[in-house]
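Novice: Sending over a structure as structure tokens; questions will come in a sec.
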Amino acid sequence: DDDEATDRNTIVFRLTIKCGKSRKEDAKKEAARMMRENGGTEDPDDVGVSVMGQSELDKAAKESAMLYQASSTSNARKIAEAIETPGRPYTRHVYSKDLEWVPQGDQAERFPEGIRPVHEDILLAKLRPGQMIELEAHGRRGYGKDHAKYSPVATASYRLMPRVELVKPVYDELAEELTNLYEPGVFKLVDCGADEAPHRVKAVVHNPYACTMSRNYMRVPELKESVRITRIPNHFIFSIEGVGMMPPGVILSESLRVLQGKCRNLIRLVDETLEADVLTE
């Protein structure tokens, strides 16, 4: 039963982080915390001033600014100087990797490797000296029928498979226009044979799936008479876009499983109704 939060449908993350007066101070605190967790004895003073990846970000920003400076306007020099200016306001970046998983129930035994965010470089907040974040986040498993926030699907749609036919051959300039301008990806150009002289190339159907049913080719009278585009009534193309928690293939298989369950329930209800009608007679 997923109506209430339990260790079977909920995970908990905590975050307690404070911005010190400088990056070096935060680096020492972070290094000391890591040494305590790992049981090490390394001196925090020997650790570089890389707090939550900020040194890497500064390096990347500096390289980008230098590249821009070498290839663009004089404003790039001012940008590079601003990045290298000492004493700029210190800002501590808080990322998704700073979230700490708090096992509930027997989750520690069921997930011995722990639970971490899929992407650990998502920027959550920026703190200035003296600011602090303390939070506890609960992630609940649910169903899309209860609330849209539980739905793993961004968009789901379908269309009928196009049927593309060339009623008359299309040669040379018209073939190039049809292939590259009016219906790109649907047709391709092939060389004409000796029996088709003096024509150079002709258009042939290559990929009907790429057809968007735009019918732009109908603007040209010759192409309007040569091309026919219809739909196959019993061939459906489904498109499913996920939001991250489940791959589209798994979403499709799970939705079919749910649909099968609903069909079985419907059959059972119909059978029970028929049996009740027979007994009443």
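Each chain in the structure tokens gets a letter, A, B and so on, in the order shown; residues start at 1 in every chain, and ligands are counted from 1 in the order they appear.
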Extract, using only C-alpha atoms, all DNA, RNA and protein residues at most 9 Å from Val190 in chain A, discarding same-chain residues fewer than 2 positions from it, and format them as a list in words.
Specialist: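 Contacts, with the query itself left out: Lys188, Cys192, Arg200, Val201, Lys202, Ala203 and Val204 of chain A.
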Novice: Could you list, with a cut-off of 8 Å and counting only C-alpha atoms, the residues of range 1-32 of chain A near range 127-149 of chain A, each shown with its nearest atom pair and the distance in Å rounded to one decimal, rows sorted by chain and ascending number, as a tab-separated table?
Specialist:
```
residue	atom	partner	partner_atom	distance
A:Asp2	CA	A:Gly142	CA	7.1
A:Ala5	CA	A:Arg140	CA	7.2
A:Asn9	CA	A:Arg141	CA	5.1
A:Thr10	CA	A:Arg140	CA	4.5
A:Ile11	CA	A:Gly139	CA	5.2
A:Val12	CA	A:His138	CA	4.6
A:Phe13	CA	A:Ala137	CA	5.1
A:Arg14	CA	A:Glu136	CA	4.4
A:Leu15	CA	A:Leu135	CA	5.3
A:Thr16	CA	A:Glu134	CA	4.4
A:Ile17	CA	A:Ile133	CA	5.4
A:Lys18	CA	A:Met132	CA	4.2
A:Cys19	CA	A:Pro129	CA	4.9
A:Gly20	CA	A:Pro129	CA	5.1
A:Lys21	CA	A:Pro129	CA	5.1
A:Ser22	CA	A:Pro129	CA	7.5
```
Novice: Keeping only N, CA and C atoms, write those residues as a short mmCIF file (atom, residue, chain, number, x, y, z; two decimals), in the first residue's frame.
Specialist:
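So the final result, stored in selection.cif, reads:
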```cif
data_model
loop_
_atom_site.label_atom_id
_atom_site.label_comp_id
_atom_site.auth_asym_id
_atom_site.auth_seq_id
_atom_site.Cartn_x
_atom_site.Cartn_y
_atom_site.Cartn_z
N ASP A 2 0.74 2.10 -1.03
CA ASP A 2 1.58 3.29 -1.16
C ASP A 2 0.88 4.55 -0.67
N ALA A 5 3.76 6.94 3.64
CA ALA A 5 5.20 6.87 3.41
C ALA A 5 5.81 5.75 4.24
N ASN A 9 8.60 2.87 -0.21
CA ASN A 9 8.21 3.80 -1.27
C ASN A 9 8.80 5.19 -1.08
N THR A 10 9.71 5.36 -0.13
CA THR A 10 10.24 6.70 0.16
C THR A 10 11.74 6.63 0.42
N ILE A 11 12.46 7.57 -0.12
CA ILE A 11 13.88 7.75 0.20
C ILE A 11 14.05 9.17 0.75
N VAL A 12 15.03 9.31 1.62
CA VAL A 12 15.24 10.58 2.33
C VAL A 12 16.67 11.05 2.09
N PHE A 13 16.81 12.32 1.77
CA PHE A 13 18.12 12.96 1.64
C PHE A 13 18.17 14.16 2.58
N ARG A 14 19.33 14.38 3.15
CA ARG A 14 19.54 15.56 4.01
C ARG A 14 20.70 16.38 3.47
N LEU A 15 20.63 17.66 3.77
CA LEU A 15 21.67 18.58 3.35
C LEU A 15 21.85 19.64 4.42
N THR A 16 23.06 19.70 4.96
CA THR A 16 23.41 20.75 5.92
C THR A 16 24.73 21.34 5.47
N ILE A 17 24.71 22.58 5.04
CA ILE A 17 25.90 23.19 4.47
C ILE A 17 25.91 24.68 4.77
N LYS A 18 27.08 25.19 5.08
CA LYS A 18 27.23 26.60 5.45
C LYS A 18 28.39 27.20 4.67
N CYS A 19 28.23 28.43 4.28
CA CYS A 19 29.27 29.12 3.53
C CYS A 19 30.18 29.87 4.49
N GLY A 20 31.49 29.55 4.43
CA GLY A 20 32.45 30.24 5.28
C GLY A 20 32.87 31.58 4.71
N LYS A 21 33.93 32.14 5.30
CA LYS A 21 34.38 33.45 4.87
C LYS A 21 35.17 33.40 3.57
N SER A 22 35.77 32.23 3.28
CA SER A 22 36.59 32.13 2.08
C SER A 22 36.53 30.70 1.56
#
```
Novice: Need to verify the contact set: Pro162 in chain A, 9 Å, only C-alpha atoms, exclusion of same-chain residues closer than 5 positions in sequence. Can you return it as a PyMOL selection string?
Specialist: chain A and resi 208-213+229-232+235
Novice: Kindly export the residues of the current selection with all heavy atoms, as a PDB file, in the first residue's frame.
Specialist:
```pdb
ATOM      1  N   PRO A 208       9.890   6.619 -45.992  1.00  0.00           N
ATOM      2  CA  PRO A 208       8.548   7.177 -45.747  1.00  0.00           C
ATOM      3  C   PRO A 208       8.336   7.612 -44.302  1.00  0.00           C
ATOM      4  O   PRO A 208       7.522   8.494 -44.028  1.00  0.00           O
ATOM      5  CB  PRO A 208       7.617   6.021 -46.119  1.00  0.00           C
ATOM      6  CG  PRO A 208       8.432   5.132 -46.994  1.00  0.00           C
ATOM      7  CD  PRO A 208       9.839   5.264 -46.532  1.00  0.00           C
ATOM      8  N   TYR A 209       9.066   7.012 -43.371  1.00  0.00           N
ATOM      9  CA  TYR A 209       8.923   7.357 -41.946  1.00  0.00           C
ATOM     10  C   TYR A 209       9.217   8.837 -41.693  1.00  0.00           C
ATOM     11  O   TYR A 209       8.645   9.452 -40.788  1.00  0.00           O
ATOM     12  CB  TYR A 209       9.863   6.486 -41.111  1.00  0.00           C
ATOM     13  CG  TYR A 209       9.830   6.769 -39.632  1.00  0.00           C
ATOM     14  CD1 TYR A 209       8.864   6.189 -38.816  1.00  0.00           C
ATOM     15  CD2 TYR A 209      10.766   7.600 -39.040  1.00  0.00           C
ATOM     16  CE1 TYR A 209       8.834   6.445 -37.465  1.00  0.00           C
ATOM     17  CE2 TYR A 209      10.745   7.857 -37.692  1.00  0.00           C
ATOM     18  CZ  TYR A 209       9.774   7.283 -36.898  1.00  0.00           C
ATOM     19  OH  TYR A 209       9.747   7.536 -35.557  1.00  0.00           O
ATOM     20  N   ALA A 210      10.110   9.425 -42.488  1.00  0.00           N
ATOM     21  CA  ALA A 210      10.499  10.825 -42.297  1.00  0.00           C
ATOM     22  C   ALA A 210       9.463  11.804 -42.819  1.00  0.00           C
ATOM     23  O   ALA A 210       9.590  13.011 -42.594  1.00  0.00           O
ATOM     24  CB  ALA A 210      11.841  11.096 -42.971  1.00  0.00           C
ATOM     25  N   CYS A 211       8.449  11.317 -43.482  1.00  0.00           N
ATOM     26  CA  CYS A 211       7.435  12.211 -44.059  1.00  0.00           C
ATOM     27  C   CYS A 211       6.591  12.830 -42.957  1.00  0.00           C
ATOM     28  O   CYS A 211       6.087  12.134 -42.063  1.00  0.00           O
ATOM     29  CB  CYS A 211       6.549  11.434 -45.037  1.00  0.00           C
ATOM     30  SG  CYS A 211       5.259  12.443 -45.795  1.00  0.00           S
ATOM     31  N   THR A 212       6.419  14.139 -43.015  1.00  0.00           N
ATOM     32  CA  THR A 212       5.613  14.861 -42.028  1.00  0.00           C
ATOM     33  C   THR A 212       4.247  15.261 -42.561  1.00  0.00           C
ATOM     34  O   THR A 212       3.545  16.041 -41.910  1.00  0.00           O
ATOM     35  CB  THR A 212       6.368  16.126 -41.565  1.00  0.00           C
ATOM     36  OG1 THR A 212       6.612  16.962 -42.704  1.00  0.00           O
ATOM     37  CG2 THR A 212       7.685  15.755 -40.901  1.00  0.00           C
ATOM     38  N   MET A 213       3.889  14.749 -43.716  1.00  0.00           N
ATOM     39  CA  MET A 213       2.601  15.049 -44.343  1.00  0.00           C
ATOM     40  C   MET A 213       2.424  16.535 -44.619  1.00  0.00           C
ATOM     41  O   MET A 213       1.309  17.067 -44.588  1.00  0.00           O
ATOM     42  CB  MET A 213       1.444  14.529 -43.471  1.00  0.00           C
ATOM     43  CG  MET A 213       1.557  13.071 -43.067  1.00  0.00           C
ATOM     44  SD  MET A 213       1.540  11.934 -44.459  1.00  0.00           S
ATOM     45  CE  MET A 213      -0.141  12.127 -45.043  1.00  0.00           C
ATOM     46  N   ILE A 229       0.810  10.956 -51.449  1.00  0.00           N
ATOM     47  CA  ILE A 229       1.107  10.658 -50.047  1.00  0.00           C
ATOM     48  C   ILE A 229      -0.205  10.389 -49.317  1.00  0.00           C
ATOM     49  O   ILE A 229      -1.092  11.252 -49.283  1.00  0.00           O
ATOM     50  CB  ILE A 229       1.871  11.817 -49.369  1.00  0.00           C
ATOM     51  CG1 ILE A 229       3.230  12.028 -50.035  1.00  0.00           C
ATOM     52  CG2 ILE A 229       2.069  11.526 -47.884  1.00  0.00           C
ATOM     53  CD1 ILE A 229       4.043  13.149 -49.418  1.00  0.00           C
ATOM     54  N   THR A 230      -0.323   9.211 -48.759  1.00  0.00           N
ATOM     55  CA  THR A 230      -1.494   8.832 -47.958  1.00  0.00           C
ATOM     56  C   THR A 230      -1.006   8.231 -46.639  1.00  0.00           C
ATOM     57  O   THR A 230       0.191   8.257 -46.344  1.00  0.00           O
ATOM     58  CB  THR A 230      -2.366   7.822 -48.717  1.00  0.00           C
ATOM     59  OG1 THR A 230      -1.566   6.680 -49.067  1.00  0.00           O
ATOM     60  CG2 THR A 230      -2.936   8.446 -49.989  1.00  0.00           C
ATOM     61  N   ARG A 231      -1.916   7.676 -45.871  1.00  0.00           N
ATOM     62  CA  ARG A 231      -1.579   7.046 -44.596  1.00  0.00           C
ATOM     63  C   ARG A 231      -2.020   5.581 -44.597  1.00  0.00           C
ATOM     64  O   ARG A 231      -3.045   5.244 -45.173  1.00  0.00           O
ATOM     65  CB  ARG A 231      -2.239   7.774 -43.428  1.00  0.00           C
ATOM     66  CG  ARG A 231      -1.721   9.180 -43.181  1.00  0.00           C
ATOM     67  CD  ARG A 231      -2.373   9.747 -41.926  1.00  0.00           C
ATOM     68  NE  ARG A 231      -1.831  11.053 -41.581  1.00  0.00           N
ATOM     69  CZ  ARG A 231      -2.372  12.208 -41.960  1.00  0.00           C
ATOM     70  NH1 ARG A 231      -3.461  12.205 -42.728  1.00  0.00           N
ATOM     71  NH2 ARG A 231      -1.840  13.351 -41.588  1.00  0.00           N
ATOM     72  N   ILE A 232      -1.226   4.737 -43.934  1.00  0.00           N
ATOM     73  CA  ILE A 232      -1.584   3.328 -43.765  1.00  0.00           C
ATOM     74  C   ILE A 232      -2.496   3.227 -42.538  1.00  0.00           C
ATOM     75  O   ILE A 232      -2.057   3.529 -41.413  1.00  0.00           O
ATOM     76  CB  ILE A 232      -0.332   2.458 -43.586  1.00  0.00           C
ATOM     77  CG1 ILE A 232       0.604   2.632 -44.791  1.00  0.00           C
ATOM     78  CG2 ILE A 232      -0.708   0.997 -43.402  1.00  0.00           C
ATOM     79  CD1 ILE A 232       1.920   1.885 -44.658  1.00  0.00           C
ATOM     80  N   HIS A 235      -1.233   0.958 -39.380  1.00  0.00           N
ATOM     81  CA  HIS A 235       0.178   1.028 -38.973  1.00  0.00           C
ATOM     82  C   HIS A 235       0.377   2.293 -38.142  1.00  0.00           C
ATOM     83  O   HIS A 235       0.364   3.399 -38.659  1.00  0.00           O
ATOM     84  CB  HIS A 235       1.083   1.049 -40.210  1.00  0.00           C
ATOM     85  CG  HIS A 235       2.544   0.919 -39.879  1.00  0.00           C
ATOM     86  ND1 HIS A 235       3.487   0.519 -40.810  1.00  0.00           N
ATOM     87  CD2 HIS A 235       3.234   1.125 -38.725  1.00  0.00           C
ATOM     88  CE1 HIS A 235       4.673   0.501 -40.248  1.00  0.00           C
ATOM     89  NE2 HIS A 235       4.546   0.882 -38.982  1.00  0.00           N
TER      90      HIS A 235
END
```
Novice: Determine which residues of range 146-188 of chain A DSSP labels as helix (DSSP H, G or I) from the backbone of this structure, then write them out as a VMD selection string.
Specialist: chain A and resid 148 to 150 172 to 182
Novice: Residues of the last selection are to be written out with N, CA and C atoms, as a short mmCIF file (atom, residue, chain, number, x, y, z; two decimals), in the first residue's frame.
Specialist:
```cif
data_model
loop_
_atom_site.label_atom_id
_atom_site.label_comp_id
_atom_site.auth_asym_id
_atom_site.auth_seq_id
_atom_site.Cartn_x
_atom_site.Cartn_y
_atom_site.Cartn_z
N ALA A 148 0.23 14.23 -11.36
CA ALA A 148 1.08 14.32 -12.55
C ALA A 148 2.57 14.30 -12.20
N LYS A 149 2.94 14.69 -10.98
CA LYS A 149 4.36 14.71 -10.62
C LYS A 149 4.96 13.31 -10.58
N TYR A 150 4.11 12.28 -10.46
CA TYR A 150 4.61 10.91 -10.44
C TYR A 150 4.72 10.31 -11.84
N ASP A 172 15.82 15.13 -62.72
CA ASP A 172 16.69 16.30 -62.79
C ASP A 172 16.33 17.38 -61.77
N GLU A 173 16.09 18.62 -62.24
CA GLU A 173 15.89 19.73 -61.31
C GLU A 173 14.68 19.51 -60.40
N LEU A 174 13.60 18.98 -60.93
CA LEU A 174 12.43 18.71 -60.10
C LEU A 174 12.75 17.66 -59.04
N ALA A 175 13.52 16.65 -59.41
CA ALA A 175 13.92 15.62 -58.45
C ALA A 175 14.78 16.22 -57.34
N GLU A 176 15.68 17.13 -57.68
CA GLU A 176 16.52 17.77 -56.66
C GLU A 176 15.68 18.64 -55.74
N GLU A 177 14.72 19.36 -56.29
CA GLU A 177 13.84 20.18 -55.44
C GLU A 177 13.01 19.30 -54.51
N LEU A 178 12.47 18.21 -55.04
CA LEU A 178 11.65 17.32 -54.22
C LEU A 178 12.47 16.69 -53.10
N THR A 179 13.69 16.31 -53.41
CA THR A 179 14.53 15.61 -52.43
C THR A 179 15.08 16.54 -51.37
N ASN A 180 15.54 17.70 -51.75
CA ASN A 180 16.25 18.58 -50.83
C ASN A 180 15.41 19.70 -50.25
N LEU A 181 14.32 20.06 -50.91
CA LEU A 181 13.57 21.24 -50.48
C LEU A 181 12.19 20.89 -49.92
N TYR A 182 11.41 20.18 -50.69
CA TYR A 182 10.02 19.97 -50.30
C TYR A 182 9.84 18.83 -49.30
#
```
Novice: Can you work out which one of A:Ala194, A:Val153, A:Ala276, A:Val164 has the shortest atom-to-atom distance to Gly249 in chain A, counting only C-alpha atoms?
Specialist: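 Result for the nearest residue to Gly249 in chain A: A:Val153.
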Novice: Between CA of Val118 in chain A and CA of Ala27 in chain A, measure the distance and give it in Å to one decimal.
Specialist: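 These atoms are spaced 24.6 Å apart.
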